[in-house]
Amino acid sequence: MNVIYGLLAISILVALVFLGLFIFSVKKGQFDDDYTPSVRMLFDDELVKEKGDDQPKENSNHQPKQS
Amino acid sequence: MRVLSNQFEFMLTDTCFHCGEDCTTAKISHDDKLFCCNGCKTVFEIFSENDLTCYYDLEQNPGTTPIEINGKYDYLDKPEIVEKLIDFQEDSTEVVSLYIPHIHCSSCIWILENLHKLNKQVLSSQVDFPKKKVSITYKTEYFSLKHLVELMSRIGYEPYISLENFGQSAQRIDRSLVYKIGIAGFAFGNVMFLSFPEYFEVSEYWLEQYKPVFRWLMFFFSLPVVFYAGRDYFKSAVKGLRSGILNIDIPIALGISVLFLRSTVDIVFNLGSGFFDSLTGLVFFLLLGKIVQQKTYKFMSFERDYKSYFPIAVTKITSEGKEENTQVYDIKRGDRLLIRNQELLPVDGVLMSASADIDYSFVTGEAKLVTKVSGDKVYAGGKQRGNAIEIVAEKSVEQSYLTQLWSNDVFRKDYNPKFQSLIDKISKRFTVAVLSIAFSGLIFWLFYDASLALNVFTAVLIIACPCAIALATPFAMGNLLRIFGKNGFYLKNTNVLEQMADLDVFVFDKTGTLTMNKKSDISYSGLTLSEEDKMVLKNSFRNSNHPLSRELYSFLSSQNIQDSESFEEHLGEGIISSYGDHTYRMGSAKFVANYVEDSTVSTGVHVSKDESYLGKFEFDTIYRTGMEPLFQSLDNHYKLIILSGDNEGERPVLTKMLPKTTQMFFNQKPDSKMRLIEKIQSENQHVAMVGDGLNDAGALKQADIGIAISENVNVFSPACDAIMDASEFYKLDKYVEITKKGIQIIKFGFMFSFLYNVVGLYFALTGQLQPVIAAILMPLSSISIVIFTTLATQYISKPIVNK
């Protein structure tokens with residue numbers, strides 16, 4: 001049953017890694033702004049679409065149809 | 001300047017595609033879309049040229065009309081000023097974070113994070129929506145902060161840069177509470193796991209064998225909880241004892257230390273599994289309460305002083321007659337300063353130009369312009385409207401009439417020392433009660449069965465640890481704070497709520513607080529105006545930038561917009577314009593009809609046509625809707641006082657509208673307002689001051705609670721305890737009522753937790769407190785208190801919730 005020592009050590013180690021990650025992310029300010037990232041992630045689609053649409057930005061006066 | 005092109009009658013709504021304003025003044029169509037002015041159209045063009053029209057897909061009419069900024073940011077050419085504003089600088093890269101009041105929707109985030117498409121020198125930009133800030137990294141080759149700010153202003157996102165930003169180093173954010181919660185939660189979870197096998201008291205072989213390991217692991221998990229996460233409770237308890245106050249942290253600290261010591265002794269001598277689960281859980285819940293209580297509104301500040309209103313630099317005219325940007329702090333007596341249209345007077349001075357129209361609405365809340373002539377004294381805090389003026393500084397920034405207010409001691413103290421929170425009041429009795437129960441238990445068992453005496457003594461201190469009591473206030477108040485904030489009443493912290501439940505006097509400022517800031521009631525008296533007259537007047541007012549002209553322009557209904565043949569504006573006097581064979585004069589009584597008007601009566605604009613008097617437009621102040629019922633309702637419980645910086649002109653109107661007991665004081669200066677509040681406080685009354693302008697700043701700070709009324713909460717309001725959206729003003733009495741009920745809820749919460757304590761004390765005093773009972777009772781009481789207070793506060797705040 002000595003394996004339980006090993007298991008305990010591993011489980012605590014894993015828990016400590018997560019605690020460390022949590023503290024690290026708080027320290028980096030990842031929880032400071034809890035709103036903007038939720039909006040930002042929705043933009044990505046539009047950006048990709050636009051880049052694919054037309055590369056030369058300056059000259060093309062392409063305007064998407066709007067209602 | 002406005003070009004009228006073909007109108008689009010078939011459009012369903014006549015709102016601007018860019019900013020969403022009604023296109024009442026002009027209709028410009030471009031690319032099948034309607035714009036209210038050229039500014040909005042230009043922004044649209046910039047976006048469409050750069051493939052950024054997505055801006056309009058995300059939200060409808062997200063923009064704002066850009067304002068003209070000619071020369072406004074020239075001071076950003078000075079490296080020593082730029083240096084103080086930017087966050088980071090290396091080689092040719094700079095990082096700056098700017099506050100942009102207009103940030104309000106997802107389109108704003110999108111466009112600001114795509115700034116690099118508008119200018120290649122911008123490397124990246126990131127928006128912090130709750131703070132309304134954008135952090136921009138840019139290259140300084142052929143580009144500078146000035147260019148950046150101008151670029152943003154051109155697309156309607158003008159950053160707000162004030163003296164406050166100057167030399168302000170990045171504030172360090174205190175995140176220790178989050179770390180502490182993280183560690184306490186981590187330990188709580190692991191200790192729960194480890195103590196679980198022992199809850200069932202099964203004596204299996206393997207469990208017996210590993211018991212010591214499990215117990216010592218729990219001990220090590222609880223070490224950071226006691227010595228790091230719970231540290232503040234010990235500190236506060238020691239502080240309380242030193243100053244002779246029995247605060248709530250004393251029984252908490254006592255509980256934590258007894259829990260830790262007893263559990264350690266238990267496992268060292270193999271007496272039991274100890275209470276490490278309760279210990280870590282207690283600290284975790286207490287810390288949760290602390291974080292719930294903290295509701296911060298990141299985009300607003302309750303600590304503003306004049307610095308957030310004042311510009312960083314002004315234009316100085318050197319002795320050689322050259323214009324030069326100079327830092328505001330460097331202005332000395334005798335300096336000649338050039339103040340352009342819309343610029344703020346940073347110091348007191350003497351007017352050199354012929355005349356000036358100064359808008360003191362920042363200071364007084366009064367939107368009407370004050371006309372000054374050459375040689376008059378002008379005070380810091382006013383904004384020039386119209387042509388650029390020249391003044392000679394008389395004082396430095398800090399010594400000016402208005403800014404001197406901030407050198408008063410009131411602005412130095414941070415809190416109200418007399419204030420004793422509800423929890424402080426009961427903690428004294430609570431601590432005494434717990435200690436006496438513990439000691440009588442100890443003495444009883446010493447005689448009855450000495451072996452159990454210490455067990456009982458520690459059990460009482462453990463079970464009576466006021467976790468539930470300490471949670472009632474944070475959860476009830478924290479929830480109310482959030483509900484209030486959602487409805488437009490933003491409080492600095494939960495102490496403000498408690499103080500609000502205990503008020504005796506309400507003091508109101510008049511201008512800007514009781515009256516509306518912008519809208520006034522316009523009435524016309526005199527000869528009937530023909531359609532042609534109206535048309536000419538409307539067109540003349542259109543050409544003038546005077547606020548009264550702007551109001552009259554939107555008041556007059558004439559649709560026909562044509563430019564008058566000649567137009568002459570006499571600053572501070574009026575307008576002469578001609579149309580056909582007729583000459584119209586509009587403006588002050590002296591200018592139009594050559595007589596001096598009694599200025600205490602309401603403001604008026606007089607009109608004459610070909611030297612014959614036509615009539616007069618009168619502007620009456622409008623009081624906020626619901627003011628009368630609000631005063632009637634407050635009058636039942638509170639003493640009401642009105643303090644006004646204005647003359648007595650409005651006294652008869654107010655006496656008619658408000659309860660008879662309302663006291664009124666007119667012609668009050670900023671410091672006399674403050675002193676009056678001090679006087680009422682010396683009579684042992686708790687005062688709430690409701691104000692808006694900078695001239696109320698002293699009074700707001702001096703009062704037990706200072707409430708700033710603001711028509712736009714994103715715009716600046718002076719230092720205060722609470723900021724109220726003006727549209728919520730009529731509900732002030734309901735808010736106060738709810739805070740009183742909130743206090744009742746907390747008291748009920750206290751009663752609940754006393755009941756739990758009684759149950760727990762039964763187990764403790766009879767010497768049968770098992771760790772598992774403590775481990776059930778403690779979270780149970782805490783969670784039920786949290787649920788009760790949250791639901792109850794939700795229920796009582798129904799009357800104020802906006803649908």
# chains A, B, ... in the order shown; residues from 1 in each chain; ligands from 1

$ closest_atom_pairs --of "chain B" --to "chain A" --cutoff "9 Å" --atoms "only C-alpha atoms" --output "Markdown table"
| residue | atom | partner | partner_atom | distance |
| --- | --- | --- | --- | --- |
| B:Ser48 | CA | A:Gln63 | CA | 6.7 |
| B:Glu49 | CA | A:Asn61 | CA | 6.1 |
| B:Asn50 | CA | A:Lys57 | CA | 6.2 |
| B:Asp51 | CA | A:Lys57 | CA | 6.9 |
| B:Thr53 | CA | A:Gln63 | CA | 7.5 |
| B:Cys54 | CA | A:Glu46 | CA | 7.7 |
| B:Tyr56 | CA | A:Gln66 | CA | 8.7 |
| B:Asp57 | CA | A:Gln66 | CA | 7.8 |
| B:Ser106 | CA | A:Val39 | CA | 6.5 |
| B:Ile109 | CA | A:Arg40 | CA | 7.6 |
| B:Trp110 | CA | A:Phe43 | CA | 7.2 |
| B:Lys117 | CA | A:Lys57 | CA | 8.9 |
| B:Val127 | CA | A:Thr36 | CA | 6.9 |
| B:Asp128 | CA | A:Thr36 | CA | 6.1 |
| B:Phe129 | CA | A:Thr36 | CA | 5.4 |
| B:Pro130 | CA | A:Asp33 | CA | 6.8 |
| B:Lys131 | CA | A:Asp33 | CA | 8.2 |
| B:Arg175 | CA | A:Lys27 | CA | 7.5 |
| B:Val178 | CA | A:Val26 | CA | 7.7 |
| B:Tyr179 | CA | A:Ile23 | CA | 6.2 |
| B:Gly182 | CA | A:Leu19 | CA | 7.1 |
| B:Ile183 | CA | A:Leu19 | CA | 7.3 |
| B:Phe186 | CA | A:Leu19 | CA | 7.0 |
| B:Asn190 | CA | A:Ile12 | CA | 8.3 |
| B:Trp206 | CA | A:Met1 | CA | 8.1 |
| B:Tyr210 | CA | A:Ile4 | CA | 8.8 |
| B:Val213 | CA | A:Tyr5 | CA | 8.7 |

$ atom_distance --atom1 "CA of Thr431 (chain B)" --atom2 "CA of Leu461 (chain B)"
10.1 Å

$ residues_around --residues "region 699-708 of chain B" --least-positions-apart "4" --cutoff "8 Å" --atoms "only C-alpha atoms" --output "list of chain:residue names"
B:Val410, B:Phe411, B:Asn416, B:Val496, B:Gln499, B:Met500, B:Pro670, B:Asp671, B:Lys673, B:Met674, B:Arg675, B:Ile677, B:Glu678, B:Gln681, B:His686, B:Val687, B:Ala688, B:Met689, B:Val690, B:Gly691, B:Asp692, B:Ser717, B:Pro718, B:Ala719, B:Cys720, B:Asp721, B:Ala722, B:Ile723, B:Met724

$ atom_distance --atom1 "CA of Ser608 (chain B)" --atom2 "CA of Ala356 (chain B)"
24.0 Å

$ atom_distance --atom1 "CA of Pro251 (chain B)" --atom2 "CA of Val786 (chain B)"
20.0 Å

$ residues_around --residues "Ser263 (chain B)" --least-positions-apart "3" --cutoff "7 Å" --atoms "only C-alpha atoms" --output "PyMOL selection string"
chain B and resi 259-260+266-267+274-276

$ select_by_dssp --residues "region 7-116 of chain B" --states "helix (DSSP H, G or I)" --output "JSON, numbers by chain"
{"B": [38, 39, 40, 41, 42, 43, 44, 45, 46, 47, 48, 49, 54, 55, 56, 57, 58, 74, 75, 76, 77, 79, 80, 81, 82, 83, 84, 85, 106, 107, 108, 109, 110, 111, 112, 113, 115, 116]}

$ write_last_selection --atoms "N, CA and C atoms" --output "mmCIF file, in the first residue's frame"
data_model
loop_
_atom_site.group_PDB
_atom_site.id
_atom_site.type_symbol
_atom_site.label_atom_id
_atom_site.label_comp_id
_atom_site.auth_asym_id
_atom_site.auth_seq_id
_atom_site.Cartn_x
_atom_site.Cartn_y
_atom_site.Cartn_z
ATOM 1 N N ASN B 38 -21.011 67.044 -41.414
ATOM 2 C CA ASN B 38 -19.850 66.640 -42.199
ATOM 3 C C ASN B 38 -18.857 65.837 -41.381
ATOM 4 N N GLY B 39 -18.796 66.157 -40.108
ATOM 5 C CA GLY B 39 -17.862 65.442 -39.243
ATOM 6 C C GLY B 39 -18.147 63.950 -39.254
ATOM 7 N N CYS B 40 -19.425 63.603 -39.058
ATOM 8 C CA CYS B 40 -19.795 62.193 -39.035
ATOM 9 C C CYS B 40 -19.529 61.556 -40.388
ATOM 10 N N LYS B 41 -19.823 62.309 -41.455
ATOM 11 C CA LYS B 41 -19.607 61.777 -42.793
ATOM 12 C C LYS B 41 -18.124 61.483 -43.008
ATOM 13 N N THR B 42 -17.288 62.406 -42.542
ATOM 14 C CA THR B 42 -15.845 62.221 -42.720
ATOM 15 C C THR B 42 -15.366 60.956 -42.022
ATOM 16 N N VAL B 43 -15.870 60.739 -40.811
ATOM 17 C CA VAL B 43 -15.455 59.532 -40.094
ATOM 18 C C VAL B 43 -15.853 58.303 -40.902
ATOM 19 N N PHE B 44 -17.080 58.330 -41.435
ATOM 20 C CA PHE B 44 -17.547 57.199 -42.234
ATOM 21 C C PHE B 44 -16.616 56.986 -43.431
ATOM 22 N N GLU B 45 -16.219 58.092 -44.057
ATOM 23 C CA GLU B 45 -15.341 57.979 -45.217
ATOM 24 C C GLU B 45 -13.992 57.380 -44.839
ATOM 25 N N ILE B 46 -13.466 57.848 -43.711
ATOM 26 C CA ILE B 46 -12.182 57.294 -43.259
ATOM 27 C C ILE B 46 -12.314 55.792 -43.077
ATOM 28 N N PHE B 47 -13.396 55.375 -42.431
ATOM 29 C CA PHE B 47 -13.572 53.951 -42.161
ATOM 30 C C PHE B 47 -13.777 53.157 -43.443
ATOM 31 N N SER B 48 -14.567 53.711 -44.365
ATOM 32 C CA SER B 48 -14.847 52.910 -45.548
ATOM 33 C C SER B 48 -13.613 52.836 -46.454
ATOM 34 N N GLU B 49 -12.806 53.880 -46.444
ATOM 35 C CA GLU B 49 -11.585 53.822 -47.245
ATOM 36 C C GLU B 49 -10.620 52.776 -46.709
ATOM 37 N N CYS B 54 -17.053 47.430 -40.901
ATOM 38 C CA CYS B 54 -17.516 46.454 -39.925
ATOM 39 C C CYS B 54 -17.981 47.147 -38.647
ATOM 40 N N TYR B 55 -17.365 48.285 -38.402
ATOM 41 C CA TYR B 55 -17.695 49.139 -37.261
ATOM 42 C C TYR B 55 -19.208 49.323 -37.157
ATOM 43 N N TYR B 56 -19.844 49.512 -38.316
ATOM 44 C CA TYR B 56 -21.287 49.789 -38.304
ATOM 45 C C TYR B 56 -22.128 48.512 -38.284
ATOM 46 N N ASP B 57 -21.481 47.367 -38.534
ATOM 47 C CA ASP B 57 -22.229 46.117 -38.501
ATOM 48 C C ASP B 57 -22.406 45.602 -37.083
ATOM 49 N N LEU B 58 -21.425 45.886 -36.245
ATOM 50 C CA LEU B 58 -21.440 45.334 -34.900
ATOM 51 C C LEU B 58 -22.537 45.969 -34.056
ATOM 52 N N ASP B 74 -1.227 70.845 -29.454
ATOM 53 C CA ASP B 74 0.125 71.269 -29.809
ATOM 54 C C ASP B 74 1.116 71.025 -28.672
ATOM 55 N N TYR B 75 0.612 71.041 -27.461
ATOM 56 C CA TYR B 75 1.528 70.865 -26.323
ATOM 57 C C TYR B 75 2.173 69.482 -26.324
ATOM 58 N N LEU B 76 1.564 68.555 -27.088
ATOM 59 C CA LEU B 76 2.149 67.217 -27.142
ATOM 60 C C LEU B 76 3.415 67.175 -28.004
ATOM 61 N N ASP B 77 3.767 68.311 -28.592
ATOM 62 C CA ASP B 77 5.037 68.383 -29.310
ATOM 63 C C ASP B 77 6.215 68.467 -28.349
ATOM 64 N N PRO B 79 8.612 67.288 -25.753
ATOM 65 C CA PRO B 79 9.007 65.956 -25.255
ATOM 66 C C PRO B 79 8.847 65.811 -23.745
ATOM 67 N N GLU B 80 9.086 66.903 -22.992
ATOM 68 C CA GLU B 80 9.016 66.741 -21.533
ATOM 69 C C GLU B 80 7.581 66.477 -21.060
ATOM 70 N N ILE B 81 6.591 66.927 -21.849
ATOM 71 C CA ILE B 81 5.206 66.644 -21.481
ATOM 72 C C ILE B 81 4.843 65.222 -21.890
ATOM 73 N N VAL B 82 5.244 64.855 -23.107
ATOM 74 C CA VAL B 82 4.960 63.506 -23.610
ATOM 75 C C VAL B 82 5.543 62.456 -22.671
ATOM 76 N N GLU B 83 6.756 62.742 -22.242
ATOM 77 C CA GLU B 83 7.457 61.813 -21.359
ATOM 78 C C GLU B 83 6.646 61.468 -20.111
ATOM 79 N N LYS B 84 5.932 62.471 -19.608
ATOM 80 C CA LYS B 84 5.165 62.255 -18.379
ATOM 81 C C LYS B 84 3.871 61.494 -18.647
ATOM 82 N N LEU B 85 3.439 61.447 -19.894
ATOM 83 C CA LEU B 85 2.154 60.824 -20.202
ATOM 84 C C LEU B 85 2.278 59.362 -20.597
ATOM 85 N N SER B 106 -19.399 47.409 -28.395
ATOM 86 C CA SER B 106 -18.416 46.507 -28.983
ATOM 87 C C SER B 106 -17.790 47.103 -30.241
ATOM 88 N N SER B 107 -18.533 47.967 -30.942
ATOM 89 C CA SER B 107 -17.944 48.636 -32.102
ATOM 90 C C SER B 107 -16.732 49.471 -31.692
ATOM 91 N N CYS B 108 -16.863 50.107 -30.526
ATOM 92 C CA CYS B 108 -15.760 50.938 -30.035
ATOM 93 C C CYS B 108 -14.513 50.075 -29.825
ATOM 94 N N ILE B 109 -14.727 48.911 -29.212
ATOM 95 C CA ILE B 109 -13.591 48.027 -28.963
ATOM 96 C C ILE B 109 -12.979 47.620 -30.295
ATOM 97 N N TRP B 110 -13.844 47.292 -31.236
ATOM 98 C CA TRP B 110 -13.365 46.799 -32.522
ATOM 99 C C TRP B 110 -12.534 47.850 -33.258
ATOM 100 N N ILE B 111 -13.060 49.041 -33.345
ATOM 101 C CA ILE B 111 -12.354 50.055 -34.133
ATOM 102 C C ILE B 111 -11.049 50.442 -33.453
ATOM 103 N N LEU B 112 -11.074 50.531 -32.129
ATOM 104 C CA LEU B 112 -9.857 50.951 -31.440
ATOM 105 C C LEU B 112 -8.785 49.862 -31.493
ATOM 106 N N GLU B 113 -9.212 48.618 -31.566
ATOM 107 C CA GLU B 113 -8.211 47.559 -31.671
ATOM 108 C C GLU B 113 -7.761 47.361 -33.122
ATOM 109 N N LEU B 115 -6.822 50.090 -34.906
ATOM 110 C CA LEU B 115 -6.175 51.376 -35.224
ATOM 111 C C LEU B 115 -4.993 51.185 -36.170
ATOM 112 N N HIS B 116 -4.371 50.034 -36.089
ATOM 113 C CA HIS B 116 -3.196 49.798 -36.927
ATOM 114 C C HIS B 116 -3.558 49.796 -38.415
#

$ residues_around --residues "Lys425 (chain B)" --least-positions-apart "2" --cutoff "12 Å" --atoms "only C-alpha atoms" --output "PDB file with C-alpha atoms, in the first residue's frame"
ATOM      1  CA  ILE B 245     -11.935  48.870  20.413  1.00  0.00           C
ATOM      2  CA  LEU B 246     -13.373  45.381  20.530  1.00  0.00           C
ATOM      3  CA  ASN B 247     -13.862  44.954  16.799  1.00  0.00           C
ATOM      4  CA  ILE B 248     -15.294  41.922  15.040  1.00  0.00           C
ATOM      5  CA  PHE B 419     -18.453  56.657  11.856  1.00  0.00           C
ATOM      6  CA  GLN B 420     -18.994  53.351  13.594  1.00  0.00           C
ATOM      7  CA  SER B 421     -20.323  50.569  11.451  1.00  0.00           C
ATOM      8  CA  LEU B 422     -23.101  48.296  12.584  1.00  0.00           C
ATOM      9  CA  ILE B 423     -20.729  45.386  12.961  1.00  0.00           C
ATOM     10  CA  SER B 427     -18.913  43.115  18.013  1.00  0.00           C
ATOM     11  CA  LYS B 428     -18.151  44.624  21.395  1.00  0.00           C
ATOM     12  CA  ARG B 429     -21.107  42.945  23.066  1.00  0.00           C
ATOM     13  CA  PHE B 430     -20.504  39.792  21.076  1.00  0.00           C
ATOM     14  CA  THR B 431     -16.859  39.486  22.107  1.00  0.00           C
ATOM     15  CA  LYS B 747     -29.891  42.560  11.825  1.00  0.00           C
TER      16      LYS B 747
END

$ residues_around --residues "region 374-391 of chain B" --least-positions-apart "5" --cutoff "7 Å" --atoms "only C-alpha atoms" --output "PyMOL selection string"
chain B and resi 336-360+362-363+400-402+545
